[in-house]
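Engineer: Got a structure for you, query-v4.cif, holding mmCIF, C-alpha atoms and all ligand atoms.
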```cif
data_protein
loop_
_atom_site.group_PDB
_atom_site.id
_atom_site.type_symbol
_atom_site.label_atom_id
_atom_site.label_comp_id
_atom_site.auth_asym_id
_atom_site.auth_seq_id
_atom_site.Cartn_x
_atom_site.Cartn_y
_atom_site.Cartn_z
ATOM 1 C CA MET Y 1245 -139.732 -51.362 -52.410
ATOM 2 C CA PRO Y 1246 -138.643 -50.553 -48.848
ATOM 3 C CA ALA Y 1247 -139.522 -47.130 -47.504
ATOM 4 C CA THR Y 1248 -137.304 -44.084 -47.848
ATOM 5 C CA ILE Y 1249 -135.712 -43.291 -44.495
ATOM 6 C CA ILE Y 1250 -136.257 -39.691 -43.396
ATOM 7 C CA ASP Y 1251 -132.862 -38.821 -41.939
ATOM 8 C CA GLY Y 1252 -133.629 -36.465 -39.051
ATOM 9 C CA LYS Y 1253 -130.002 -36.252 -38.046
ATOM 10 C CA LYS Y 1254 -128.992 -34.935 -41.469
ATOM 11 C CA ILE Y 1255 -131.798 -32.361 -41.628
ATOM 12 C CA ALA Y 1256 -130.983 -31.283 -38.050
ATOM 13 C CA ARG Y 1257 -127.341 -30.658 -39.049
ATOM 14 C CA GLU Y 1258 -128.540 -28.524 -41.995
ATOM 15 C CA ILE Y 1259 -130.695 -26.444 -39.643
ATOM 16 C CA GLU Y 1260 -127.770 -26.061 -37.231
ATOM 17 C CA ALA Y 1261 -125.480 -24.927 -40.070
ATOM 18 C CA GLU Y 1262 -127.970 -22.197 -40.950
ATOM 19 C CA LEU Y 1263 -128.186 -21.108 -37.308
ATOM 20 C CA ILE Y 1264 -124.417 -20.635 -37.065
ATOM 21 C CA GLY Y 1265 -124.657 -17.672 -39.478
ATOM 22 C CA ARG Y 1266 -127.376 -16.023 -37.378
ATOM 23 C CA ILE Y 1267 -125.425 -16.623 -34.165
ATOM 24 C CA SER Y 1268 -122.406 -14.989 -35.799
ATOM 25 C CA ASP Y 1269 -124.541 -11.944 -36.774
ATOM 26 C CA LEU Y 1270 -125.686 -11.624 -33.151
ATOM 27 C CA SER Y 1271 -122.111 -11.834 -31.913
ATOM 28 C CA LYS Y 1272 -121.186 -8.822 -34.085
ATOM 29 C CA ASN Y 1273 -123.445 -6.856 -31.729
ATOM 30 C CA GLY Y 1274 -121.825 -8.449 -28.697
ATOM 31 C CA VAL Y 1275 -124.733 -10.847 -28.104
ATOM 32 C CA VAL Y 1276 -124.280 -14.563 -27.406
ATOM 33 C CA PRO Y 1277 -127.592 -16.449 -27.077
ATOM 34 C CA CYS Y 1278 -128.009 -18.164 -23.716
ATOM 35 C CA LEU Y 1279 -130.353 -21.036 -22.894
ATOM 36 C CA ALA Y 1280 -131.269 -21.940 -19.308
ATOM 37 C CA VAL Y 1281 -132.504 -25.469 -18.617
ATOM 38 C CA VAL Y 1282 -134.170 -26.246 -15.304
ATOM 39 C CA ILE Y 1283 -134.183 -29.906 -14.327
ATOM 40 C CA VAL Y 1284 -136.053 -31.012 -11.235
ATOM 41 C CA GLY Y 1285 -135.114 -34.374 -9.745
ATOM 42 C CA ASP Y 1286 -133.150 -37.271 -11.136
ATOM 43 C CA ASP Y 1287 -135.234 -38.873 -13.903
ATOM 44 C CA PRO Y 1288 -132.490 -40.660 -15.920
ATOM 45 C CA ALA Y 1289 -134.099 -40.089 -19.333
ATOM 46 C CA SER Y 1290 -134.488 -36.361 -18.596
ATOM 47 C CA HIS Y 1291 -130.792 -36.155 -17.754
ATOM 48 C CA VAL Y 1292 -129.941 -37.794 -21.100
ATOM 49 C CA TYR Y 1293 -132.146 -35.303 -22.989
ATOM 50 C CA VAL Y 1294 -130.747 -32.316 -21.119
ATOM 51 C CA GLY Y 1295 -127.186 -33.533 -21.828
ATOM 52 C CA ALA Y 1296 -128.019 -33.669 -25.554
ATOM 53 C CA LYS Y 1297 -129.412 -30.123 -25.410
ATOM 54 C CA GLU Y 1298 -126.237 -28.864 -23.698
ATOM 55 C CA ARG Y 1299 -124.020 -30.543 -26.306
ATOM 56 C CA ALA Y 1300 -126.025 -28.930 -29.122
ATOM 57 C CA CYS Y 1301 -125.526 -25.508 -27.498
ATOM 58 C CA GLU Y 1302 -121.801 -26.188 -27.316
ATOM 59 C CA ARG Y 1303 -121.649 -27.202 -31.023
ATOM 60 C CA LEU Y 1304 -123.309 -23.954 -32.070
ATOM 61 C CA GLY Y 1305 -121.670 -21.474 -29.702
ATOM 62 C CA ILE Y 1306 -124.835 -20.914 -27.652
ATOM 63 C CA ARG Y 1307 -124.208 -20.489 -23.937
ATOM 64 C CA SER Y 1308 -126.124 -22.824 -21.684
ATOM 65 C CA VAL Y 1309 -126.925 -22.653 -18.013
ATOM 66 C CA ARG Y 1310 -128.278 -25.646 -16.191
ATOM 67 C CA VAL Y 1311 -130.158 -25.307 -12.931
ATOM 68 C CA ASP Y 1312 -130.561 -28.542 -10.962
ATOM 69 C CA VAL Y 1313 -133.359 -28.556 -8.418
ATOM 70 C CA ALA Y 1314 -133.773 -31.388 -5.889
ATOM 71 C CA SER Y 1315 -136.588 -33.870 -6.522
ATOM 72 C CA ASP Y 1316 -138.202 -33.046 -3.158
ATOM 73 C CA ALA Y 1317 -138.221 -29.271 -3.791
ATOM 74 C CA GLU Y 1318 -141.436 -27.367 -3.149
ATOM 75 C CA TYR Y 1319 -143.352 -25.741 -6.010
ATOM 76 C CA GLU Y 1320 -142.266 -22.303 -4.808
ATOM 77 C CA GLU Y 1321 -138.573 -23.142 -5.210
ATOM 78 C CA VAL Y 1322 -139.094 -24.091 -8.876
ATOM 79 C CA ALA Y 1323 -141.316 -21.054 -9.414
ATOM 80 C CA SER Y 1324 -138.753 -18.650 -7.961
ATOM 81 C CA THR Y 1325 -136.012 -20.276 -10.090
ATOM 82 C CA VAL Y 1326 -138.077 -19.554 -13.210
ATOM 83 C CA ARG Y 1327 -138.821 -15.972 -12.097
ATOM 84 C CA GLY Y 1328 -135.118 -15.363 -11.510
ATOM 85 C CA LEU Y 1329 -134.261 -16.586 -15.027
ATOM 86 C CA ASN Y 1330 -137.037 -14.403 -16.504
ATOM 87 C CA GLU Y 1331 -135.538 -11.338 -14.855
ATOM 88 C CA ASP Y 1332 -131.945 -12.120 -15.832
ATOM 89 C CA PRO Y 1333 -131.123 -10.071 -18.966
ATOM 90 C CA GLY Y 1334 -128.256 -12.476 -19.776
ATOM 91 C CA ILE Y 1335 -130.702 -15.361 -20.313
ATOM 92 C CA ASN Y 1336 -132.594 -15.529 -23.619
ATOM 93 C CA GLY Y 1337 -134.359 -18.880 -23.392
ATOM 94 C CA VAL Y 1338 -135.821 -20.798 -20.456
ATOM 95 C CA LEU Y 1339 -137.139 -24.325 -20.386
ATOM 96 C CA VAL Y 1340 -138.222 -26.573 -17.560
ATOM 97 C CA GLN Y 1341 -137.570 -30.200 -18.458
ATOM 98 C CA SER Y 1342 -140.627 -32.414 -18.320
ATOM 99 C CA PRO Y 1343 -141.701 -34.504 -16.435
ATOM 100 C CA LEU Y 1344 -141.705 -32.663 -13.120
ATOM 101 C CA PRO Y 1345 -141.961 -34.768 -9.957
ATOM 102 C CA SER Y 1346 -145.490 -36.071 -9.485
ATOM 103 C CA GLY Y 1347 -147.810 -33.600 -7.846
ATOM 104 C CA MET Y 1348 -146.024 -30.532 -9.231
ATOM 105 C CA ASP Y 1349 -148.254 -28.651 -11.661
ATOM 106 C CA GLU Y 1350 -146.350 -28.512 -14.953
ATOM 107 C CA ILE Y 1351 -148.781 -26.223 -16.701
ATOM 108 C CA SER Y 1352 -148.677 -23.537 -14.051
ATOM 109 C CA ILE Y 1353 -144.846 -23.700 -13.928
ATOM 110 C CA THR Y 1354 -144.745 -23.386 -17.735
ATOM 111 C CA ASP Y 1355 -147.020 -20.368 -17.612
ATOM 112 C CA LEU Y 1356 -144.572 -18.596 -15.302
ATOM 113 C CA ILE Y 1357 -141.936 -18.534 -18.067
ATOM 114 C CA ASP Y 1358 -141.689 -15.173 -19.850
ATOM 115 C CA PRO Y 1359 -143.426 -15.910 -23.205
ATOM 116 C CA GLN Y 1360 -140.545 -14.190 -25.028
ATOM 117 C CA LYS Y 1361 -138.100 -16.665 -23.441
ATOM 118 C CA ASP Y 1362 -140.398 -19.689 -23.791
ATOM 119 C CA VAL Y 1363 -138.203 -21.710 -26.177
ATOM 120 C CA ASP Y 1364 -140.334 -24.843 -25.678
ATOM 121 C CA GLY Y 1365 -143.349 -22.937 -27.022
ATOM 122 C CA PHE Y 1366 -145.614 -24.362 -24.307
ATOM 123 C CA HIS Y 1367 -146.713 -21.111 -22.632
ATOM 124 C CA ALA Y 1368 -150.462 -20.467 -23.011
ATOM 125 C CA GLN Y 1369 -149.709 -17.283 -24.961
ATOM 126 C CA ASN Y 1370 -147.510 -19.075 -27.512
ATOM 127 C CA LEU Y 1371 -149.858 -22.077 -27.839
ATOM 128 C CA GLY Y 1372 -152.775 -19.639 -28.084
ATOM 129 C CA ARG Y 1373 -151.138 -17.815 -31.008
ATOM 130 C CA LEU Y 1374 -150.789 -21.151 -32.764
ATOM 131 C CA VAL Y 1375 -154.504 -21.837 -32.337
ATOM 132 C CA GLN Y 1376 -155.169 -18.357 -33.762
ATOM 133 C CA GLY Y 1377 -153.311 -19.395 -36.921
ATOM 134 C CA ASP Y 1378 -150.136 -17.416 -36.208
ATOM 135 C CA VAL Y 1379 -147.118 -19.703 -36.680
ATOM 136 C CA SER Y 1380 -144.533 -16.905 -36.676
ATOM 137 C CA GLY Y 1381 -143.715 -17.190 -32.951
ATOM 138 C CA LEU Y 1382 -141.958 -19.756 -30.768
ATOM 139 C CA LEU Y 1383 -143.430 -23.128 -31.808
ATOM 140 C CA PRO Y 1384 -143.231 -26.384 -29.808
ATOM 141 C CA CYS Y 1385 -139.986 -28.046 -30.880
ATOM 142 C CA THR Y 1386 -141.029 -31.612 -31.677
ATOM 143 C CA PRO Y 1387 -144.083 -30.743 -33.816
ATOM 144 C CA ALA Y 1388 -142.125 -27.984 -35.593
ATOM 145 C CA GLY Y 1389 -139.320 -30.493 -36.242
ATOM 146 C CA VAL Y 1390 -141.801 -32.981 -37.706
ATOM 147 C CA MET Y 1391 -143.062 -30.276 -40.081
ATOM 148 C CA ARG Y 1392 -139.494 -29.664 -41.283
ATOM 149 C CA MET Y 1393 -139.034 -33.393 -41.836
ATOM 150 C CA LEU Y 1394 -142.227 -33.497 -43.896
ATOM 151 C CA GLU Y 1395 -141.023 -30.527 -45.974
ATOM 152 C CA SER Y 1396 -137.883 -32.518 -46.779
ATOM 153 C CA THR Y 1397 -139.954 -35.359 -48.260
ATOM 154 C CA ASN Y 1398 -141.745 -33.017 -50.707
ATOM 155 C CA LEU Y 1399 -144.941 -34.843 -49.801
ATOM 156 C CA ASP Y 1400 -147.989 -32.775 -50.757
ATOM 157 C CA ILE Y 1401 -150.294 -33.285 -47.784
ATOM 158 C CA ARG Y 1402 -152.855 -30.705 -48.871
ATOM 159 C CA GLY Y 1403 -156.281 -32.309 -48.584
ATOM 160 C CA LYS Y 1404 -154.736 -35.631 -47.564
ATOM 161 C CA ARG Y 1405 -155.638 -37.649 -44.498
ATOM 162 C CA ALA Y 1406 -153.292 -37.360 -41.549
ATOM 163 C CA ILE Y 1407 -153.657 -39.130 -38.243
ATOM 164 C CA VAL Y 1408 -151.856 -37.967 -35.131
ATOM 165 C CA ILE Y 1409 -151.764 -40.667 -32.468
ATOM 166 C CA GLY Y 1410 -151.495 -38.996 -29.074
ATOM 167 C CA ARG Y 1411 -153.026 -35.773 -27.760
ATOM 168 C CA SER Y 1412 -150.319 -34.419 -25.471
ATOM 169 C CA ARG Y 1413 -149.730 -30.723 -24.944
ATOM 170 C CA ILE Y 1414 -146.063 -31.265 -25.972
ATOM 171 C CA VAL Y 1415 -146.609 -33.152 -29.239
ATOM 172 C CA GLY Y 1416 -150.038 -34.422 -30.331
ATOM 173 C CA MET Y 1417 -152.182 -31.312 -29.905
ATOM 174 C CA PRO Y 1418 -149.779 -28.744 -31.408
ATOM 175 C CA GLN Y 1419 -148.858 -31.249 -34.142
ATOM 176 C CA SER Y 1420 -152.509 -31.565 -35.160
ATOM 177 C CA ILE Y 1421 -152.884 -27.798 -35.374
ATOM 178 C CA LEU Y 1422 -149.714 -27.406 -37.471
ATOM 179 C CA LEU Y 1423 -150.872 -30.088 -39.920
ATOM 180 C CA ALA Y 1424 -154.346 -28.543 -40.252
ATOM 181 C CA GLN Y 1425 -153.107 -24.931 -40.566
ATOM 182 C CA ARG Y 1426 -153.889 -22.961 -43.714
ATOM 183 C CA GLY Y 1427 -151.285 -23.679 -46.391
ATOM 184 C CA VAL Y 1428 -150.551 -27.161 -45.064
ATOM 185 C CA ASP Y 1429 -154.217 -28.168 -45.227
ATOM 186 C CA ALA Y 1430 -154.137 -31.783 -44.104
ATOM 187 C CA THR Y 1431 -157.394 -33.332 -42.901
ATOM 188 C CA VAL Y 1432 -156.388 -34.313 -39.396
ATOM 189 C CA THR Y 1433 -157.708 -36.991 -37.062
ATOM 190 C CA ILE Y 1434 -156.476 -37.024 -33.464
ATOM 191 C CA ALA Y 1435 -156.411 -40.554 -32.069
ATOM 192 C CA HIS Y 1436 -155.781 -41.430 -28.419
ATOM 193 C CA SER Y 1437 -156.149 -44.127 -25.810
ATOM 194 C CA ARG Y 1438 -159.964 -44.133 -26.121
ATOM 195 C CA THR Y 1439 -160.031 -44.387 -29.925
ATOM 196 C CA SER Y 1440 -161.854 -47.590 -30.821
ATOM 197 C CA ASP Y 1441 -160.905 -48.105 -34.478
ATOM 198 C CA MET Y 1442 -157.240 -47.082 -34.462
ATOM 199 C CA ALA Y 1443 -156.027 -49.681 -37.002
ATOM 200 C CA ASP Y 1444 -158.784 -48.803 -39.508
ATOM 201 C CA LEU Y 1445 -158.138 -45.081 -39.119
ATOM 202 C CA CYS Y 1446 -154.425 -45.648 -39.723
ATOM 203 C CA ARG Y 1447 -155.111 -47.779 -42.815
ATOM 204 C CA SER Y 1448 -156.970 -44.850 -44.373
ATOM 205 C CA ALA Y 1449 -154.201 -42.336 -43.613
ATOM 206 C CA ASP Y 1450 -151.624 -40.919 -46.022
ATOM 207 C CA LEU Y 1451 -149.599 -39.623 -43.076
ATOM 208 C CA ILE Y 1452 -149.242 -41.062 -39.580
ATOM 209 C CA VAL Y 1453 -147.515 -39.209 -36.734
ATOM 210 C CA ALA Y 1454 -147.117 -41.639 -33.839
ATOM 211 C CA ALA Y 1455 -146.576 -40.060 -30.426
ATOM 212 C CA VAL Y 1456 -147.936 -42.660 -28.056
ATOM 213 C CA GLY Y 1457 -145.005 -43.965 -26.020
ATOM 214 C CA ARG Y 1458 -145.613 -47.680 -26.653
ATOM 215 C CA PRO Y 1459 -142.825 -49.663 -28.336
ATOM 216 C CA ASN Y 1460 -143.677 -51.073 -31.779
ATOM 217 C CA MET Y 1461 -147.399 -50.380 -31.391
ATOM 218 C CA ILE Y 1462 -147.898 -49.338 -35.028
ATOM 219 C CA THR Y 1463 -147.569 -52.512 -37.091
ATOM 220 C CA ALA Y 1464 -147.227 -53.085 -40.838
ATOM 221 C CA ASP Y 1465 -150.854 -54.245 -41.231
ATOM 222 C CA TRP Y 1466 -152.025 -50.767 -40.078
ATOM 223 C CA ILE Y 1467 -150.248 -48.989 -42.941
ATOM 224 C CA LYS Y 1468 -151.627 -47.871 -46.292
ATOM 225 C CA PRO Y 1469 -149.040 -48.781 -48.951
ATOM 226 C CA GLY Y 1470 -146.858 -45.761 -49.697
ATOM 227 C CA ALA Y 1471 -147.935 -43.779 -46.595
ATOM 228 C CA THR Y 1472 -145.523 -41.523 -44.707
ATOM 229 C CA VAL Y 1473 -144.926 -42.516 -41.083
ATOM 230 C CA ILE Y 1474 -143.240 -40.256 -38.529
ATOM 231 C CA ASP Y 1475 -142.195 -41.955 -35.308
ATOM 232 C CA VAL Y 1476 -142.045 -39.638 -32.294
ATOM 233 C CA GLY Y 1477 -141.768 -42.483 -29.780
ATOM 234 C CA VAL Y 1478 -138.623 -42.855 -27.696
ATOM 235 C CA ASN Y 1479 -139.209 -45.907 -25.521
ATOM 236 C CA ARG Y 1480 -136.665 -47.580 -23.297
ATOM 237 C CA VAL Y 1481 -136.959 -51.353 -23.568
ATOM 238 C CA ASN Y 1482 -134.953 -53.339 -21.008
ATOM 239 C CA ASP Y 1483 -132.426 -55.863 -22.325
ATOM 240 C CA ASP Y 1484 -129.181 -57.634 -21.325
ATOM 241 C CA SER Y 1485 -126.869 -55.027 -22.880
ATOM 242 C CA GLU Y 1486 -124.340 -53.018 -20.885
ATOM 243 C CA LYS Y 1487 -126.725 -50.053 -20.775
ATOM 244 C CA GLY Y 1488 -129.571 -52.285 -19.670
ATOM 245 C CA TYR Y 1489 -131.970 -51.002 -22.330
ATOM 246 C CA TYR Y 1490 -132.333 -50.118 -26.008
ATOM 247 C CA LEU Y 1491 -134.430 -47.419 -27.644
ATOM 248 C CA SER Y 1492 -137.523 -48.382 -29.596
ATOM 249 C CA GLY Y 1493 -139.948 -46.164 -31.478
ATOM 250 C CA ASP Y 1494 -143.731 -46.503 -31.506
ATOM 251 C CA VAL Y 1495 -143.500 -47.864 -35.061
ATOM 252 C CA HIS Y 1496 -142.605 -51.500 -35.712
ATOM 253 C CA PRO Y 1497 -139.558 -51.950 -38.025
ATOM 254 C CA ASP Y 1498 -141.676 -54.058 -40.443
ATOM 255 C CA VAL Y 1499 -143.635 -50.907 -41.339
ATOM 256 C CA ARG Y 1500 -140.713 -50.083 -43.648
ATOM 257 C CA GLU Y 1501 -141.856 -52.861 -45.985
ATOM 258 C CA VAL Y 1502 -145.205 -51.132 -46.627
ATOM 259 C CA ALA Y 1503 -144.751 -47.396 -46.054
ATOM 260 C CA GLY Y 1504 -143.360 -44.944 -48.608
ATOM 261 C CA ALA Y 1505 -141.247 -43.035 -46.077
ATOM 262 C CA VAL Y 1506 -140.451 -43.642 -42.415
ATOM 263 C CA SER Y 1507 -138.472 -41.743 -39.788
ATOM 264 C CA PRO Y 1508 -136.083 -43.923 -37.761
ATOM 265 C CA VAL Y 1509 -135.562 -44.132 -33.986
ATOM 266 C CA PRO Y 1510 -132.925 -43.115 -33.051
ATOM 267 C CA GLY Y 1511 -131.843 -40.560 -35.671
ATOM 268 C CA GLY Y 1512 -135.260 -39.224 -36.661
ATOM 269 C CA VAL Y 1513 -137.410 -36.882 -34.609
ATOM 270 C CA GLY Y 1514 -134.977 -36.715 -31.630
ATOM 271 C CA PRO Y 1515 -132.230 -34.676 -33.336
ATOM 272 C CA MET Y 1516 -134.911 -32.519 -35.015
ATOM 273 C CA THR Y 1517 -136.429 -31.592 -31.635
ATOM 274 C CA ILE Y 1518 -133.030 -30.410 -30.451
ATOM 275 C CA ALA Y 1519 -132.353 -28.477 -33.668
ATOM 276 C CA MET Y 1520 -135.704 -26.703 -33.296
ATOM 277 C CA LEU Y 1521 -134.879 -25.870 -29.673
ATOM 278 C CA MET Y 1522 -131.633 -24.284 -30.879
ATOM 279 C CA SER Y 1523 -133.622 -22.455 -33.564
ATOM 280 C CA ASN Y 1524 -136.108 -21.136 -30.976
ATOM 281 C CA THR Y 1525 -133.233 -20.007 -28.742
ATOM 282 C CA VAL Y 1526 -131.693 -18.012 -31.599
ATOM 283 C CA ARG Y 1527 -135.120 -16.659 -32.588
ATOM 284 C CA ALA Y 1528 -135.913 -15.619 -29.010
ATOM 285 C CA THR Y 1529 -132.532 -13.857 -28.769
ATOM 286 C CA GLU Y 1530 -133.149 -12.006 -32.059
ATOM 287 C CA MET Y 1531 -136.642 -10.951 -30.958
ATOM 288 C CA GLN Y 1532 -135.293 -9.606 -27.664
ATOM 289 C CA GLN Y 1533 -132.771 -7.255 -29.340
HETATM 290 N N1 LIG A 1601 -139.674 -33.772 -22.081
HETATM 291 C C1 LIG A 1601 -139.866 -34.486 -23.208
HETATM 292 N N2 LIG A 1601 -139.883 -33.664 -24.278
HETATM 293 C C2 LIG A 1601 -139.711 -32.409 -23.805
HETATM 294 C C3 LIG A 1601 -139.615 -31.125 -24.432
HETATM 295 O O1 LIG A 1601 -139.727 -30.966 -25.648
HETATM 296 N N3 LIG A 1601 -139.420 -30.081 -23.589
HETATM 297 C C4 LIG A 1601 -139.313 -30.218 -22.245
HETATM 298 N N4 LIG A 1601 -139.153 -29.117 -21.518
HETATM 299 N N5 LIG A 1601 -139.391 -31.382 -21.650
HETATM 300 C C5 LIG A 1601 -139.586 -32.470 -22.423
#
```
With the file now loaded, output its structure as C-alpha cells.

Structural biologist:
Amino acid sequence: MPATIIDGKKIAREIEAELIGRISDLSKNGVVPCLAVVIVGDDPASHVYVGAKERACERLGIRSVRVDVASDAEYEEVASTVRGLNEDPGINGVLVQSPLPSGMDEISITDLIDPQKDVDGFHAQNLGRLVQGDVSGLLPCTPAGVMRMLESTNLDIRGKRAIVIGRSRIVGMPQSILLAQRGVDATVTIAHSRTSDMADLCRSADLIVAAVGRPNMITADWIKPGATVIDVGVNRVNDDSEKGYYLSGDVHPDVREVAGAVSPVPGGVGPMTIAMLMSNTVRATEMQQ
C-alpha cells in the first residue's frame, strides 16, 4: 500500500486559521503584530522564501516590514539594522534571512536580535532554553513545524528509533532535541556527512527526518516498511522548463512505495515552516504586551 501523504499545506492552513482569532484579540487592544525581515544581498532562493513569508503575513493581517541590505554591506550595517529593529516598539518580530553573504558571521548577527523578538528561535538564549527542556518559548520554525506534522499522523514515537539526517543549527540540531524531549521520548540518532553507515541506520529507523540538501538522496532501499519519512529538503534541480529548475526533496519519490507516511516537496515542510513563523510572530507579540 502506498504511503499516506502528510499534507503540510493543509495543516499549515489549520494553524493559520487558529492564529486569526488570536490576531483579532490583539487588535481589540489596538495591537497589530509586525514582523521585520532583513535580507542581505540577492540570493534568488532567499527572495522566494521572503516573498512567501510576506504573503503569509498579508493573509493573516500581520504587518510586515522588509529591509533590503546590499550584498556588499559591512557587518556593522547589518548589525545596526538589527539594533534599530530591536529598539522600535512597533516591531514585534525580527528575522535575518539566511544565508548571509560569505564571510559575515551569521551566529553573531543572530545573537544581536532581542530574544523576545527572535521569531526564528535561533538566538542562543532561545536555543539554550530548548536544551534545558523548556519548549514554551520561541522555537525554531522548521523543527517545530515537523513536530506538528508528526502530531497529525498520530504516530506514537515514544521509545521508537528516529534518525535526523543533518546537524544544522536551523533544523537538524533543534529537531533532534525536540524529538528526544520528555513526553516525545524518541531515541534519536543524528547522522551527518561523516556518518559511515547511513543506509543501515535508516533501515532500523521508525522515523526519518531528512534535512541534508541533496536531491533524492534517501532511496526506497533505505526505508523500513511502514516508517514515517519527513522531507525537509528543498533542492533546486536545473531543467529545461521556463523557470529553469524544479524543486526536489531529499527523499526519492519511490520511498512512497515502502514507507507508511511521507511528507511531499513541495507542500510538506515548507508551508509548515511559514505557519510556525506566523505563530512565533503572534506569540512574540502576545508576550510583549
Ligand atoms: N533560510 C532557510 N531557512 C531559514 C529560516 O528558517 N530562517 C531564516 N532566517 N533563514 C532561513

Engineer: Hey, which residues come within 7 Å of ligand LIG 1601 (chain A) if we count only C-alpha atoms and all ligand atoms? Could you give them as a VMD selection string?

Structural biologist: chain Y and resid 1290 1339 to 1343 1364 1385 to 1386 1414 1517

Engineer: How close does each residue of stretch 1410-1453 of chain Y get to stretch 1394-1406 of chain Y, giving the shortest atom pair and distance in Å to one decimal for every residue with an atom at most 10 Å away, counting all atoms listed in the file, sorted by chain and residue number, as JSON lines?

Structural biologist:
```
{"residue": "Y:Ser1420", "atom": "CA", "partner": "Y:Ala1406", "partner_atom": "CA", "distance": 8.7}
{"residue": "Y:Leu1423", "atom": "CA", "partner": "Y:Ala1406", "partner_atom": "CA", "distance": 7.8}
{"residue": "Y:Ala1424", "atom": "CA", "partner": "Y:Ala1406", "partner_atom": "CA", "distance": 9.0}
{"residue": "Y:Arg1426", "atom": "CA", "partner": "Y:Arg1402", "partner_atom": "CA", "distance": 9.4}
{"residue": "Y:Gly1427", "atom": "CA", "partner": "Y:Arg1402", "partner_atom": "CA", "distance": 7.6}
{"residue": "Y:Val1428", "atom": "CA", "partner": "Y:Arg1402", "partner_atom": "CA", "distance": 5.7}
{"residue": "Y:Asp1429", "atom": "CA", "partner": "Y:Arg1402", "partner_atom": "CA", "distance": 4.6}
{"residue": "Y:Ala1430", "atom": "CA", "partner": "Y:Gly1403", "partner_atom": "CA", "distance": 5.0}
{"residue": "Y:Thr1431", "atom": "CA", "partner": "Y:Arg1405", "partner_atom": "CA", "distance": 4.9}
{"residue": "Y:Val1432", "atom": "CA", "partner": "Y:Ala1406", "partner_atom": "CA", "distance": 4.8}
{"residue": "Y:Thr1433", "atom": "CA", "partner": "Y:Ala1406", "partner_atom": "CA", "distance": 6.3}
{"residue": "Y:Ile1434", "atom": "CA", "partner": "Y:Ala1406", "partner_atom": "CA", "distance": 8.7}
{"residue": "Y:Leu1445", "atom": "CA", "partner": "Y:Ala1406", "partner_atom": "CA", "distance": 9.4}
{"residue": "Y:Cys1446", "atom": "CA", "partner": "Y:Ala1406", "partner_atom": "CA", "distance": 8.6}
{"residue": "Y:Ser1448", "atom": "CA", "partner": "Y:Arg1405", "partner_atom": "CA", "distance": 7.3}
{"residue": "Y:Ala1449", "atom": "CA", "partner": "Y:Arg1405", "partner_atom": "CA", "distance": 5.0}
{"residue": "Y:Asp1450", "atom": "CA", "partner": "Y:Arg1405", "partner_atom": "CA", "distance": 5.4}
{"residue": "Y:Leu1451", "atom": "CA", "partner": "Y:Ala1406", "partner_atom": "CA", "distance": 4.6}
{"residue": "Y:Ile1452", "atom": "CA", "partner": "Y:Ala1406", "partner_atom": "CA", "distance": 5.8}
{"residue": "Y:Val1453", "atom": "CA", "partner": "Y:Ala1406", "partner_atom": "CA", "distance": 7.7}
```

Engineer: Might you spell out which residues the PyMOL selection byres (((chain Y and resi 1293-1296) around 12) and not hetatm) would select in the displayed file, as a PyMOL selection string?

Structural biologist: chain Y and resi 1279-1284+1286-1292+1297-1303+1308-1312+1339-1343+1478+1514-1519+1521-1522

Engineer: Would you compute the distance between atom CA of Y:Pro1469 and atom CA of Y:Asp1441? Give it in Å to one decimal.

Structural biologist: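 Calculated distance between atom CA of Y:Pro1469 and atom CA of Y:Asp1441 is 18.7 Å.
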
Engineer: Given 3 Å of margin on each side, can you work out the centre and size in Å (one decimal) of an axis-aligned box holding every listed atom of stretch 1322-1335 of chain Y, as AutoDock Vina command-line options?

Structural biologist:
```
--center_x -134.8 --center_y -17.1 --center_z -14.1 --size_x 19.1 --size_y 20.0 --size_z 18.4
```

Engineer: At a cut-off of 12 Å, using all atoms listed in the file, what residues contact Y:Gly1512? Leave out same-chain residues fewer than 6 positions from it and give the result as a VMD selection string.

Structural biologist: chain Y and resid 1249 to 1257 1386 1389 to 1390 1392 to 1394 1473 to 1478 1492 to 1493 1505 to 1506 1518 to 1519

Engineer: Suppose you want the space between atom CA of Y:Val1276 and atom CA of Y:Asn1330; what is it in Å?

Structural biologist: 16.8 Å

Engineer: If I take atom CA of Y:Asp1362 and atom CA of Y:Asn1524, how far is one from the other in Å, to one decimal?

Structural biologist: 8.5 Å

Engineer: Within 9 Å of stretch 1370-1378 of chain Y, which residues of stretch 1400-1495 of chain Y show up? Give each one with its shortest atom-to-atom distance in Å (one decimal) and the two atoms involved, counting all atoms listed in the file, rows by chain then rising residue number, as a Markdown table.

Structural biologist:
```
| residue | atom | partner | partner_atom | distance |
| --- | --- | --- | --- | --- |
| Y:Pro1418 | CA | Y:Leu1371 | CA | 7.6 |
| Y:Ile1421 | CA | Y:Val1375 | CA | 6.9 |
| Y:Leu1422 | CA | Y:Leu1374 | CA | 7.9 |
| Y:Gln1425 | CA | Y:Gly1377 | CA | 6.6 |
| Y:Arg1426 | CA | Y:Gly1377 | CA | 7.7 |
```

Engineer: What's the 9 Å shell around Y:Gln1532, counting all atoms listed in the file, without same-chain residues fewer than 5 positions away, as a ChimeraX atom specification?

Structural biologist: /Y:1336,1360-1361,1527

Engineer: Care to translate the PyMOL selection byres (((chain Y and resi 1530) around 12) and not hetatm) into actual residues of this file, as a PyMOL selection string?

Structural biologist: chain Y and resi 1263+1266-1271+1273+1275-1278+1336-1337+1360-1361+1381-1382+1523-1529+1531-1533

Engineer: So that I can check the surroundings of Y:Ala1323, please list as a list in words every protein, DNA and RNA residue that reaches within 7 Å of it, counting all atoms listed in the file and ignoring chain neighbours fewer than 4 positions away.

Structural biologist: Tyr1319, Arg1327 and Ile1353 of chain Y

Engineer: So, counting all atoms listed in the file, which residue among Y:Gly1305, Y:Gly1470, Y:Gly1457, Y:Gly1416 is closest to Y:Gly1265?

Structural biologist: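 Nearest candidate to Y:Gly1265 out of Y:Gly1305, Y:Gly1470, Y:Gly1457, Y:Gly1416: Y:Gly1305.
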
Engineer: Selection in question (the file shown): the PyMOL selection byres (((chain Y and resi 1480) around 6) and not hetatm). Which residues does it include, as a list of chain:residue names?

Structural biologist: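 Applying the PyMOL selection byres (((chain Y and resi 1480) around 6) and not hetatm) to the structure shown produces Y:Asn1479, Y:Val1481, Y:Tyr1489, Y:Tyr1490, Y:Leu1491.
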